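As provided, work.json (JSON, C-alpha atoms) reads as follows.
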[["chain", "number", "residue", "atom", "x", "y", "z"],
["A", 238, "MET", "CA", -40.13, 16.24, 43.04],
["A", 239, "PRO", "CA", -41.66, 15.01, 46.35],
["A", 240, "ASP", "CA", -38.95, 12.34, 46.62],
["A", 241, "ARG", "CA", -36.18, 14.84, 45.96],
["A", 242, "LEU", "CA", -37.54, 17.26, 48.57],
["A", 243, "ALA", "CA", -38.32, 14.58, 51.16],
["A", 244, "ASP", "CA", -35.59, 15.92, 53.47],
["A", 245, "VAL", "CA", -36.97, 19.45, 53.22],
["A", 246, "ALA", "CA", -40.77, 19.07, 53.47],
["A", 247, "PRO", "CA", -43.38, 16.30, 53.81],
["A", 248, "ARG", "CA", -44.66, 14.78, 50.60],
["A", 249, "TRP", "CA", -48.16, 16.24, 50.89],
["A", 250, "VAL", "CA", -46.77, 19.74, 51.39],
["A", 251, "VAL", "CA", -44.78, 19.46, 48.17],
["A", 252, "GLU", "CA", -47.80, 18.12, 46.28],
["A", 253, "VAL", "CA", -50.06, 20.95, 47.51],
["A", 254, "ALA", "CA", -47.41, 23.58, 46.79],
["A", 255, "CYS", "CA", -46.85, 22.25, 43.28],
["A", 256, "ALA", "CA", -50.61, 22.24, 42.60],
["A", 257, "GLY", "CA", -50.88, 25.83, 43.84],
["A", 258, "VAL", "CA", -48.00, 26.97, 41.65],
["A", 259, "CYS", "CA", -49.53, 25.32, 38.57],
["A", 260, "VAL", "CA", -52.98, 26.83, 39.20],
["A", 261, "ALA", "CA", -51.46, 30.26, 39.77],
["A", 262, "GLY", "CA", -49.32, 29.92, 36.66],
["A", 263, "ALA", "CA", -52.34, 29.02, 34.53],
["A", 264, "ALA", "CA", -54.29, 31.98, 35.94],
["A", 265, "VAL", "CA", -51.47, 34.45, 35.32],
["A", 266, "LEU", "CA", -50.95, 33.14, 31.81],
["A", 267, "ARG", "CA", -54.64, 33.55, 31.05],
["A", 268, "LEU", "CA", -54.61, 37.13, 32.35],
["A", 269, "ILE", "CA", -51.63, 37.93, 30.14],
["A", 270, "VAL", "CA", -53.28, 36.49, 27.05],
["A", 271, "GLU", "CA", -56.52, 38.38, 27.81],
["A", 272, "LEU", "CA", -54.58, 41.62, 27.47],
["A", 273, "PHE", "CA", -54.31, 40.92, 23.76],
["A", 274, "THR", "CA", -57.54, 39.07, 22.98],
["A", 275, "SER", "CA", -60.79, 38.20, 24.70],
["A", 276, "GLN", "CA", -61.53, 35.20, 22.48],
["A", 277, "ILE", "CA", -60.09, 32.52, 24.77],
["A", 278, "ALA", "CA", -61.73, 29.16, 25.39],
["A", 279, "PRO", "CA", -62.58, 28.66, 29.09],
["A", 280, "PHE", "CA", -60.62, 25.39, 29.46],
["A", 281, "VAL", "CA", -57.58, 26.22, 27.32],
["A", 282, "PHE", "CA", -55.08, 26.30, 30.24],
["A", 283, "VAL", "CA", -56.62, 23.56, 32.36],
["A", 284, "GLY", "CA", -54.92, 20.68, 30.54],
["A", 285, "PRO", "CA", -51.38, 22.09, 30.61],
["A", 286, "ALA", "CA", -51.69, 22.95, 34.31],
["A", 287, "VAL", "CA", -52.96, 19.45, 35.15],
["A", 288, "LEU", "CA", -50.24, 17.82, 33.08],
["A", 289, "ALA", "CA", -47.48, 19.91, 34.64],
["A", 290, "ALA", "CA", -48.65, 19.20, 38.19],
["A", 291, "THR", "CA", -48.92, 15.45, 37.55],
["A", 292, "LEU", "CA", -45.48, 15.19, 35.99],
["A", 293, "LEU", "CA", -43.87, 17.23, 38.74],
["A", 294, "ALA", "CA", -45.61, 15.93, 41.86],
["A", 295, "GLY", "CA", -47.83, 12.96, 40.96],
["A", 296, "TRP", "CA", -51.49, 12.19, 40.35],
["A", 297, "ARG", "CA", -52.76, 13.70, 43.62],
["A", 298, "SER", "CA", -51.32, 17.07, 42.71],
["A", 299, "GLY", "CA", -52.83, 16.75, 39.22],
["A", 300, "LEU", "CA", -56.27, 15.97, 40.68],
["A", 301, "GLY", "CA", -55.99, 18.98, 42.96],
["A", 302, "VAL", "CA", -55.23, 21.24, 40.03],
["A", 303, "LEU", "CA", -58.12, 19.76, 38.05],
["A", 304, "ALA", "CA", -60.61, 20.29, 40.87],
["A", 305, "VAL", "CA", -59.56, 23.87, 41.52],
["A", 306, "ALA", "CA", -59.41, 24.71, 37.80],
["A", 307, "LEU", "CA", -62.86, 23.31, 37.03],
["A", 308, "VAL", "CA", -64.42, 25.10, 39.99],
["A", 309, "GLY", "CA", -62.70, 28.31, 38.96],
["A", 310, "VAL", "CA", -63.85, 28.02, 35.35],
["A", 311, "TRP", "CA", -67.42, 27.33, 36.43],
["A", 312, "TYR", "CA", -67.42, 30.18, 38.95],
["A", 313, "MET", "CA", -65.76, 32.89, 36.83],
["A", 314, "LEU", "CA", -65.86, 32.00, 33.14],
["A", 315, "LEU", "CA", -68.97, 29.97, 32.29],
["A", 316, "PRO", "CA", -72.20, 32.00, 32.01],
["A", 317, "PRO", "CA", -73.99, 32.74, 34.17],
["A", 318, "GLU", "CA", -71.13, 33.34, 36.60],
["A", 319, "ARG", "CA", -70.96, 32.41, 40.32],
["A", 320, "PHE", "CA", -72.11, 28.79, 39.95],
["A", 321, "GLY", "CA", -75.20, 29.61, 37.95],
["A", 322, "PRO", "CA", -77.06, 26.85, 36.12],
["A", 323, "LEU", "CA", -75.08, 25.81, 33.03],
["A", 324, "SER", "CA", -76.43, 25.40, 29.54],
["A", 325, "VAL", "CA", -76.37, 21.94, 28.01],
["A", 326, "ASP", "CA", -73.36, 22.82, 25.86],
["A", 327, "ASP", "CA", -71.37, 24.35, 28.72],
["A", 328, "GLY", "CA", -72.20, 21.42, 31.01],
["A", 329, "ALA", "CA", -71.13, 18.92, 28.35],
["A", 330, "ALA", "CA", -67.92, 20.87, 27.79],
["A", 331, "LEU", "CA", -67.21, 20.86, 31.54],
["A", 332, "VAL", "CA", -67.73, 17.09, 31.78],
["A", 333, "LEU", "CA", -65.72, 16.31, 28.64],
["A", 334, "ASN", "CA", -62.81, 18.47, 29.77],
["A", 335, "ALA", "CA", -62.90, 16.79, 33.17],
["A", 336, "PHE", "CA", -62.73, 13.33, 31.60],
["A", 337, "SER", "CA", -59.96, 14.33, 29.20],
["A", 338, "ALA", "CA", -57.99, 15.81, 32.10],
["A", 339, "LEU", "CA", -58.46, 12.59, 34.11],
["A", 340, "LEU", "CA", -57.16, 10.60, 31.13],
["A", 341, "MET", "CA", -54.21, 12.98, 30.92],
["A", 342, "ILE", "CA", -53.49, 12.46, 34.62],
["A", 343, "GLY", "CA", -53.53, 8.69, 34.17],
["A", 344, "LEU", "CA", -51.19, 8.76, 31.17],
["A", 345, "ALA", "CA", -48.86, 11.22, 32.86],
["A", 346, "GLN", "CA", -48.73, 9.07, 35.99],
["A", 347, "VAL", "CA", -47.89, 5.99, 33.92],
["A", 348, "PHE", "CA", -45.12, 7.92, 32.18],
["A", 349, "ARG", "CA", -43.88, 9.20, 35.53],
["A", 350, "GLY", "CA", -43.79, 5.68, 36.95],
["A", 351, "ALA", "CA", -41.91, 4.37, 33.93],
["A", 352, "ALA", "CA", -39.38, 7.20, 34.13],
["A", 353, "SER", "CA", -38.90, 6.57, 37.85],
["A", 354, "ALA", "CA", -38.40, 2.85, 37.29],
["A", 355, "ALA", "CA", -35.87, 3.58, 34.53],
["A", 356, "GLY", "CA", -34.04, 5.97, 36.84],
["A", 357, "HIS", "CA", -33.86, 3.39, 39.62],
["A", 358, "GLU", "CA", -32.65, 0.75, 37.18],
["A", 359, "ARG", "CA", -29.97, 3.09, 35.89],
["A", 360, "ALA", "CA", -28.88, 3.93, 39.44],
["A", 361, "THR", "CA", -28.65, 0.23, 40.27],
["A", 362, "LYS", "CA", -26.56, -0.45, 37.18],
["A", 363, "LEU", "CA", -24.24, 2.43, 38.07],
["A", 364, "GLU", "CA", -23.80, 1.08, 41.59],
["A", 365, "VAL", "CA", -22.96, -2.36, 40.19],
["A", 366, "ARG", "CA", -20.55, -0.81, 37.70],
["A", 367, "ASP", "CA", -18.80, 1.18, 40.42],
["A", 368, "LEU", "CA", -18.56, -1.94, 42.58],
["A", 369, "LEU", "CA", -17.04, -3.93, 39.71],
["A", 370, "LEU", "CA", -14.61, -1.12, 38.89],
["A", 371, "ARG", "CA", -13.51, -0.87, 42.51],
["A", 372, "GLU", "CA", -12.96, -4.62, 42.59],
["A", 373, "LEU", "CA", -11.06, -4.48, 39.29],
["A", 374, "ASN", "CA", -8.88, -1.61, 40.47],
["A", 375, "HIS", "CA", -8.19, -3.43, 43.72],
["A", 376, "ARG", "CA", -7.11, -6.54, 41.82],
["A", 377, "VAL", "CA", -4.95, -4.50, 39.43],
["A", 378, "LYS", "CA", -3.29, -2.80, 42.38],
["A", 379, "ASN", "CA", -2.63, -6.16, 44.02],
["A", 380, "ASN", "CA", -1.21, -7.48, 40.75],
["A", 381, "PHE", "CA", 1.18, -4.53, 40.50],
["A", 382, "GLN", "CA", 2.30, -5.13, 44.08],
["A", 383, "MET", "CA", 2.77, -8.84, 43.43],
["A", 384, "VAL", "CA", 4.86, -8.24, 40.32],
["A", 385, "ALA", "CA", 6.90, -5.61, 42.17],
["A", 386, "SER", "CA", 7.51, -8.01, 45.07],
["A", 387, "LEU", "CA", 8.65, -10.78, 42.71],
["A", 388, "LEU", "CA", 11.00, -8.41, 40.87],
["A", 389, "GLU", "CA", 12.42, -7.12, 44.16],
["A", 390, "MET", "CA", 12.97, -10.68, 45.38],
["A", 391, "GLN", "CA", 14.77, -11.63, 42.16],
["A", 392, "ARG", "CA", 16.81, -8.43, 42.22],
["A", 393, "ARG", "CA", 18.11, -9.15, 45.71],
["A", 394, "ARG", "CA", 19.02, -12.70, 44.76],
["A", 395, "ALA", "CA", 20.76, -11.71, 41.51],
["A", 396, "ALA", "CA", 24.52, -12.29, 41.59],
["A", 397, "ASP", "CA", 25.31, -10.49, 38.35],
["A", 398, "PRO", "CA", 25.38, -6.67, 38.63],
["A", 399, "GLY", "CA", 23.92, -6.30, 35.14],
["A", 400, "THR", "CA", 20.99, -8.53, 36.02],
["A", 401, "GLU", "CA", 20.43, -6.65, 39.25],
["A", 402, "THR", "CA", 20.38, -3.35, 37.37],
["A", 403, "ALA", "CA", 17.95, -4.64, 34.77],
["A", 404, "LEU", "CA", 15.62, -6.01, 37.42],
["A", 405, "GLY", "CA", 15.83, -2.70, 39.29],
["A", 406, "ASP", "CA", 14.85, -0.83, 36.13],
["A", 407, "ALA", "CA", 11.92, -3.20, 35.58],
["A", 408, "LEU", "CA", 10.85, -2.74, 39.21],
["A", 409, "ARG", "CA", 10.94, 1.04, 38.85],
["A", 410, "ARG", "CA", 8.78, 0.88, 35.69],
["A", 411, "VAL", "CA", 6.23, -1.34, 37.41],
["A", 412, "HIS", "CA", 6.06, 1.16, 40.27],
["A", 413, "ALA", "CA", 5.55, 3.98, 37.77],
["A", 414, "MET", "CA", 2.68, 2.19, 36.04],
["A", 415, "GLY", "CA", 1.11, 1.34, 39.38],
["A", 416, "GLN", "CA", 1.27, 4.97, 40.50],
["A", 417, "ALA", "CA", -0.24, 6.14, 37.20],
["A", 418, "HIS", "CA", -3.11, 3.68, 37.54],
["A", 419, "ALA", "CA", -3.78, 4.64, 41.16],
["A", 420, "TYR", "CA", -3.80, 8.36, 40.34],
["A", 421, "LEU", "CA", -5.69, 8.36, 37.06],
["A", 422, "TYR", "CA", -8.28, 5.60, 37.28],
["A", 423, "SER", "CA", -10.83, 6.24, 40.00],
["A", 424, "PRO", "CA", -14.27, 4.50, 39.79],
["A", 425, "SER", "CA", -16.00, 7.54, 41.27],
["A", 426, "ASP", "CA", -14.45, 9.94, 38.76],
["A", 427, "THR", "CA", -16.17, 9.88, 35.40],
["A", 428, "VAL", "CA", -14.44, 12.86, 33.88],
["A", 429, "GLY", "CA", -12.71, 11.90, 30.63],
["A", 430, "SER", "CA", -9.75, 14.29, 31.00],
["A", 431, "ILE", "CA", -7.46, 15.44, 33.80],
["A", 432, "ASP", "CA", -5.13, 18.31, 34.52],
["A", 433, "LEU", "CA", -1.80, 17.04, 33.21],
["A", 434, "ALA", "CA", 0.10, 19.56, 35.33],
["A", 435, "ALA", "CA", -1.38, 18.22, 38.59],
["A", 436, "TYR", "CA", -0.56, 14.65, 37.60],
["A", 437, "LEU", "CA", 3.01, 15.47, 36.59],
["A", 438, "ARG", "CA", 3.51, 17.48, 39.78],
["A", 439, "GLU", "CA", 2.64, 14.45, 41.91],
["A", 440, "LEU", "CA", 4.70, 12.18, 39.67],
["A", 441, "CYS", "CA", 7.74, 14.42, 40.06],
["A", 442, "ALA", "CA", 7.35, 14.44, 43.82],
["A", 443, "ASN", "CA", 7.29, 10.64, 43.84],
["A", 444, "LEU", "CA", 10.30, 10.49, 41.54],
["A", 445, "ALA", "CA", 12.26, 12.89, 43.73],
["A", 446, "ASP", "CA", 11.56, 10.68, 46.74],
["A", 447, "SER", "CA", 12.28, 7.36, 45.03],
["A", 448, "LEU", "CA", 15.45, 8.58, 43.28],
["A", 449, "LEU", "CA", 16.68, 10.44, 46.37],
["A", 450, "LEU", "CA", 17.01, 13.69, 44.41],
["A", 451, "THR", "CA", 18.05, 16.04, 47.16],
["A", 452, "GLY", "CA", 20.98, 18.39, 47.57],
["A", 453, "ALA", "CA", 23.36, 17.84, 44.66],
["A", 454, "VAL", "CA", 20.73, 17.05, 42.03],
["A", 455, "ARG", "CA", 17.42, 18.92, 42.04],
["A", 456, "LEU", "CA", 14.21, 18.05, 40.21],
["A", 457, "THR", "CA", 12.36, 21.23, 39.21],
["A", 458, "CYS", "CA", 8.81, 21.31, 37.89],
["A", 459, "ASP", "CA", 7.48, 24.30, 35.94],
["A", 460, "LEU", "CA", 3.98, 23.28, 34.92],
["A", 461, "GLU", "CA", 1.13, 25.24, 33.37],
["A", 462, "PRO", "CA", -2.40, 23.82, 33.60],
["A", 463, "GLY", "CA", -3.51, 21.76, 30.62],
["A", 464, "ASP", "CA", -6.24, 19.16, 30.21],
["A", 465, "LEU", "CA", -5.50, 15.84, 28.55],
["A", 466, "SER", "CA", -7.29, 12.52, 28.23],
["A", 467, "ARG", "CA", -6.44, 9.91, 30.84],
["A", 468, "ASP", "CA", -4.88, 7.43, 28.42],
["A", 469, "ARG", "CA", -2.60, 10.07, 26.94],
["A", 470, "ALA", "CA", -1.67, 11.31, 30.42],
["A", 471, "VAL", "CA", -0.64, 7.79, 31.50],
["A", 472, "ALA", "CA", 1.62, 7.38, 28.48],
["A", 473, "LEU", "CA", 3.25, 10.80, 28.95],
["A", 474, "GLY", "CA", 3.72, 10.18, 32.65],
["A", 475, "LEU", "CA", 5.66, 7.05, 31.79],
["A", 476, "VAL", "CA", 7.78, 9.03, 29.32],
["A", 477, "VAL", "CA", 8.61, 11.57, 32.04],
["A", 478, "ASN", "CA", 9.35, 8.76, 34.49],
["A", 479, "GLU", "CA", 11.79, 7.16, 32.04],
["A", 480, "LEU", "CA", 13.56, 10.38, 31.06],
["A", 481, "VAL", "CA", 13.89, 11.72, 34.61],
["A", 482, "THR", "CA", 15.20, 8.40, 35.88],
["A", 483, "ASN", "CA", 17.76, 8.17, 33.06],
["A", 484, "ALA", "CA", 18.91, 11.71, 33.79],
["A", 485, "ALA", "CA", 19.27, 10.95, 37.50],
["A", 486, "LYS", "CA", 21.30, 7.81, 36.74],
["A", 487, "TYR", "CA", 23.56, 8.97, 33.93],
["A", 488, "ALA", "CA", 23.67, 12.78, 33.64],
["A", 489, "PHE", "CA", 25.54, 13.52, 36.87],
["A", 490, "PRO", "CA", 28.42, 11.09, 37.36],
["A", 491, "ASP", "CA", 31.05, 11.44, 40.04],
["A", 492, "ASP", "CA", 28.74, 13.31, 42.45],
["A", 493, "ARG", "CA", 28.26, 16.13, 39.98],
["A", 494, "THR", "CA", 25.65, 18.76, 40.91],
["A", 495, "GLY", "CA", 22.90, 19.84, 38.58],
["A", 496, "GLU", "CA", 19.23, 20.18, 37.84],
["A", 497, "ILE", "CA", 16.58, 18.11, 36.08],
["A", 498, "LEU", "CA", 13.75, 20.21, 34.66],
["A", 499, "VAL", "CA", 10.22, 19.12, 33.77],
["A", 500, "ARG", "CA", 8.33, 21.95, 32.06],
["A", 501, "LEU", "CA", 4.81, 21.99, 30.65],
["A", 502, "LYS", "CA", 3.56, 25.05, 28.81],
["A", 503, "ARG", "CA", 0.83, 25.91, 26.35],
["A", 504, "ILE", "CA", 1.85, 26.72, 22.80],
["A", 505, "GLU", "CA", -0.12, 27.62, 19.71],
["A", 506, "VAL", "CA", -0.77, 24.04, 18.59],
["A", 507, "GLY", "CA", -1.41, 22.54, 22.03],
["A", 508, "LEU", "CA", 0.96, 21.68, 24.87],
["A", 509, "GLU", "CA", 4.74, 21.39, 24.98],
["A", 510, "LEU", "CA", 6.40, 19.08, 27.51],
["A", 511, "ILE", "CA", 10.14, 19.44, 28.09],
["A", 512, "VAL", "CA", 12.37, 17.12, 30.11],
["A", 513, "ALA", "CA", 15.91, 18.48, 30.31],
["A", 514, "ASP", "CA", 19.02, 18.35, 32.46],
["A", 515, "ASP", "CA", 22.29, 20.29, 32.64],
["A", 516, "GLY", "CA", 24.43, 17.21, 33.08],
["A", 517, "VAL", "CA", 27.16, 15.70, 30.91],
["A", 518, "GLY", "CA", 24.83, 15.32, 27.93],
["A", 519, "MET", "CA", 24.73, 12.69, 25.23],
["A", 520, "PRO", "CA", 27.86, 11.34, 23.53],
["A", 521, "PRO", "CA", 29.35, 13.68, 20.92],
["A", 522, "ASP", "CA", 28.45, 11.37, 18.07],
["A", 523, "ASN", "CA", 24.85, 11.43, 19.25],
["A", 524, "LYS", "CA", 24.48, 7.69, 18.83],
["A", 525, "ILE", "CA", 22.07, 5.93, 21.09],
["A", 526, "LYS", "CA", 21.70, 2.19, 21.08],
["A", 527, "SER", "CA", 18.63, 1.39, 19.03],
["A", 528, "THR", "CA", 18.18, -1.84, 20.98],
["A", 529, "GLY", "CA", 18.03, -0.09, 24.36],
["A", 530, "LEU", "CA", 14.80, -0.86, 26.19],
["A", 531, "GLY", "CA", 14.57, 2.61, 27.73],
["A", 532, "ARG", "CA", 14.87, 4.29, 24.34],
["A", 533, "ARG", "CA", 12.19, 2.07, 22.84],
["A", 534, "LEU", "CA", 9.87, 2.61, 25.78],
["A", 535, "VAL", "CA", 10.20, 6.39, 25.53],
["A", 536, "GLU", "CA", 9.41, 6.34, 21.81],
["A", 537, "SER", "CA", 6.55, 3.87, 22.26],
["A", 538, "PHE", "CA", 4.93, 5.78, 25.13],
["A", 539, "ALA", "CA", 5.32, 9.06, 23.23],
["A", 540, "ARG", "CA", 3.43, 7.56, 20.27],
["A", 541, "GLN", "CA", 0.71, 6.26, 22.61],
["A", 542, "GLY", "CA", 0.36, 9.73, 24.09],
["A", 543, "GLY", "CA", -0.03, 11.28, 20.65],
["A", 544, "ALA", "CA", 3.14, 13.33, 21.15],
["A", 545, "ILE", "CA", 5.84, 14.38, 18.69],
["A", 546, "LEU", "CA", 9.16, 13.56, 20.35],
["A", 547, "THR", "CA", 12.35, 15.40, 19.41],
["A", 548, "ARG", "CA", 15.72, 15.86, 21.03],
["A", 549, "GLY", "CA", 16.56, 19.49, 21.64],
["A", 550, "GLU", "CA", 19.84, 21.34, 22.01],
["A", 551, "GLY", "CA", 21.84, 21.24, 25.22],
["A", 552, "PRO", "CA", 23.59, 21.93, 27.45],
["A", 553, "GLY", "CA", 22.97, 18.52, 28.86],
["A", 554, "THR", "CA", 20.18, 16.42, 27.45],
["A", 555, "ARG", "CA", 16.87, 17.89, 26.39],
["A", 556, "TYR", "CA", 13.77, 16.15, 25.08],
["A", 557, "VAL", "CA", 10.74, 18.03, 23.75],
["A", 558, "LEU", "CA", 7.29, 16.49, 23.33],
["A", 559, "VAL", "CA", 4.67, 18.47, 21.43],
["A", 560, "LEU", "CA", 1.09, 17.48, 22.28],
["A", 561, "PRO", "CA", -1.31, 18.69, 19.59],
["A", 562, "ASP", "CA", -4.86, 19.51, 20.71]]

As structure tokens - that is how I would like this structure written.
Amino acid sequence: MPDRLADVAPRWVVEVACAGVCVAGAAVLRLIVELFTSQIAPFVFVGPAVLAATLLAGWRSGLGVLAVALVGVWYMLLPPERFGPLSVDDGAALVLNAFSALLMIGLAQVFRGAASAAGHERATKLEVRDLLLRELNHRVKNNFQMVASLLEMQRRRAADPGTETALGDALRRVHAMGQAHAYLYSPSDTVGSIDLAAYLRELCANLADSLLLTGAVRLTCDLEPGDLSRDRAVALGLVVNELVTNAAKYAFPDDRTGEILVRLKRIEVGLELIVADDGVGMPPDNKIKSTGLGRRLVESFARQGGAILTRGEGPGTRYVLVLPD
């Protein structure tokens, strides 16, 4: 306690105050018990008061409590009162209780020192862990940027339009994973879950900027708060990234106007995430290439996020992900 209150009061003030509180507490407790019975041993509350003061403020506070308590017991409780000469039994009891209280102070101080050392060791380990995590996150961020730069370089040098498109898609996915990592994995944040709505809201804003969704095609977010683990949130963010990007690329050909909707709402079994558009929709035969990378990524990320993925009814294209609690 003195260390924690060092900015508020000097150490000795805290020690004296703690000793006073413990002595007063022992006295009040004795008065309360005496309301029900008068058969109370003189030293019954000395030990607990000494122990409490030592654990809270250190051995000096414990010694202060012991001195005041022994003087008080001798003055008010041991016959004859007011520092009269003690009988052999009462004198022996006073000395034995003093020695036992001193032993208690010593043991409590050892325990206090061990607890303090363990706390400092734990704090040091946490600082090292945070430093390592910051270094790791920095390296991961640099790796994402390096991969993105290499993909962008290759995309610009590609002569084949199909290759350029594929490299552009890969570049966009790397950007999405980098944004998810930057948003969700902070060394200073130890909370195991996040608000999925806040994450998706920022993701949609980034997607609207990167896909130039202004004017003709709008990206609308209707998101209710819902907590989800970080790993599941990353996977679902990548699903949303893939579906929104596909809608922006294929749902509105020939400068068609429309809307892409990302909706998160709470249902009875958990959360429901909907990504829909009012564009041209899927082919009438509802056949999607099973070898398409985008399709496989959406299904894989949905499984990683613990979501049940289904394709809903139009107009346009509509995907529903149910996230059980």

Give me, as an MDAnalysis selection string, all polymer residues having an atom no more than 12 Å from Val260 (chain A), counting only C-alpha atoms and skipping those fewer than 4 positions away in the same chain.
chainID A and resid 253:256 264:267 282:290 298:310

Gap from CA of Ala488 (chain A) to CA of Glu550 (chain A) - Å, one decimal
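Taking CA of Ala488 (chain A) as the start and CA of Glu550 (chain A) as the end point, the length is 14.9 Å.
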
Listed atoms of region 327-345 of chain A boxed along x, y and z, 3 Å each side, centre and edge lengths in Å, one decimal, as JSON:
{"center_x": -60.5, "center_y": 16.5, "center_z": 31.2, "size_x": 29.3, "size_y": 21.7, "size_z": 12.8}

Quote the spacing between CA of Arg297 (chain A) and CA of Gln346 (chain A) in Å to one decimal place.
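A separation of 9.8 Å between them.
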
Restricting the calculation to all atoms listed in the file, which member of A:Val506, A:Leu440, A:Leu465, A:Val281 is positioned closest to Val481 (chain A)?
A:Leu440

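What separates CA of Ala354 (chain A) from CA of Met341 (chain A) is a distance of 19.8 Å.
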
Which residues come within 8 Å of Arg493 (chain A), counting all atoms listed in the file, excluding same-chain residues fewer than 3 positions away, as a PyMOL selection string?
chain A and resi 453-454+489-490+516

Include C-alpha atoms and write out the residues we just selected as an mmCIF file, in the frame of the given file.
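The resulting file, again18.cif, is reproduced below:
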data_model
loop_
_atom_site.group_PDB
_atom_site.id
_atom_site.type_symbol
_atom_site.label_atom_id
_atom_site.label_comp_id
_atom_site.auth_asym_id
_atom_site.auth_seq_id
_atom_site.Cartn_x
_atom_site.Cartn_y
_atom_site.Cartn_z
ATOM 1 C CA ALA A 453 23.360 17.840 44.660
ATOM 2 C CA VAL A 454 20.730 17.050 42.030
ATOM 3 C CA PHE A 489 25.540 13.520 36.870
ATOM 4 C CA PRO A 490 28.420 11.090 37.360
ATOM 5 C CA GLY A 516 24.430 17.210 33.080
#

Residues near region 499-501 of chain A, anyone? I mean within 9 Å using only C-alpha atoms, not counting same-chain ones fewer than 5 positions away, as a PyMOL selection string.
chain A and resi 433-434+437+441+456-463+477+481+508-514
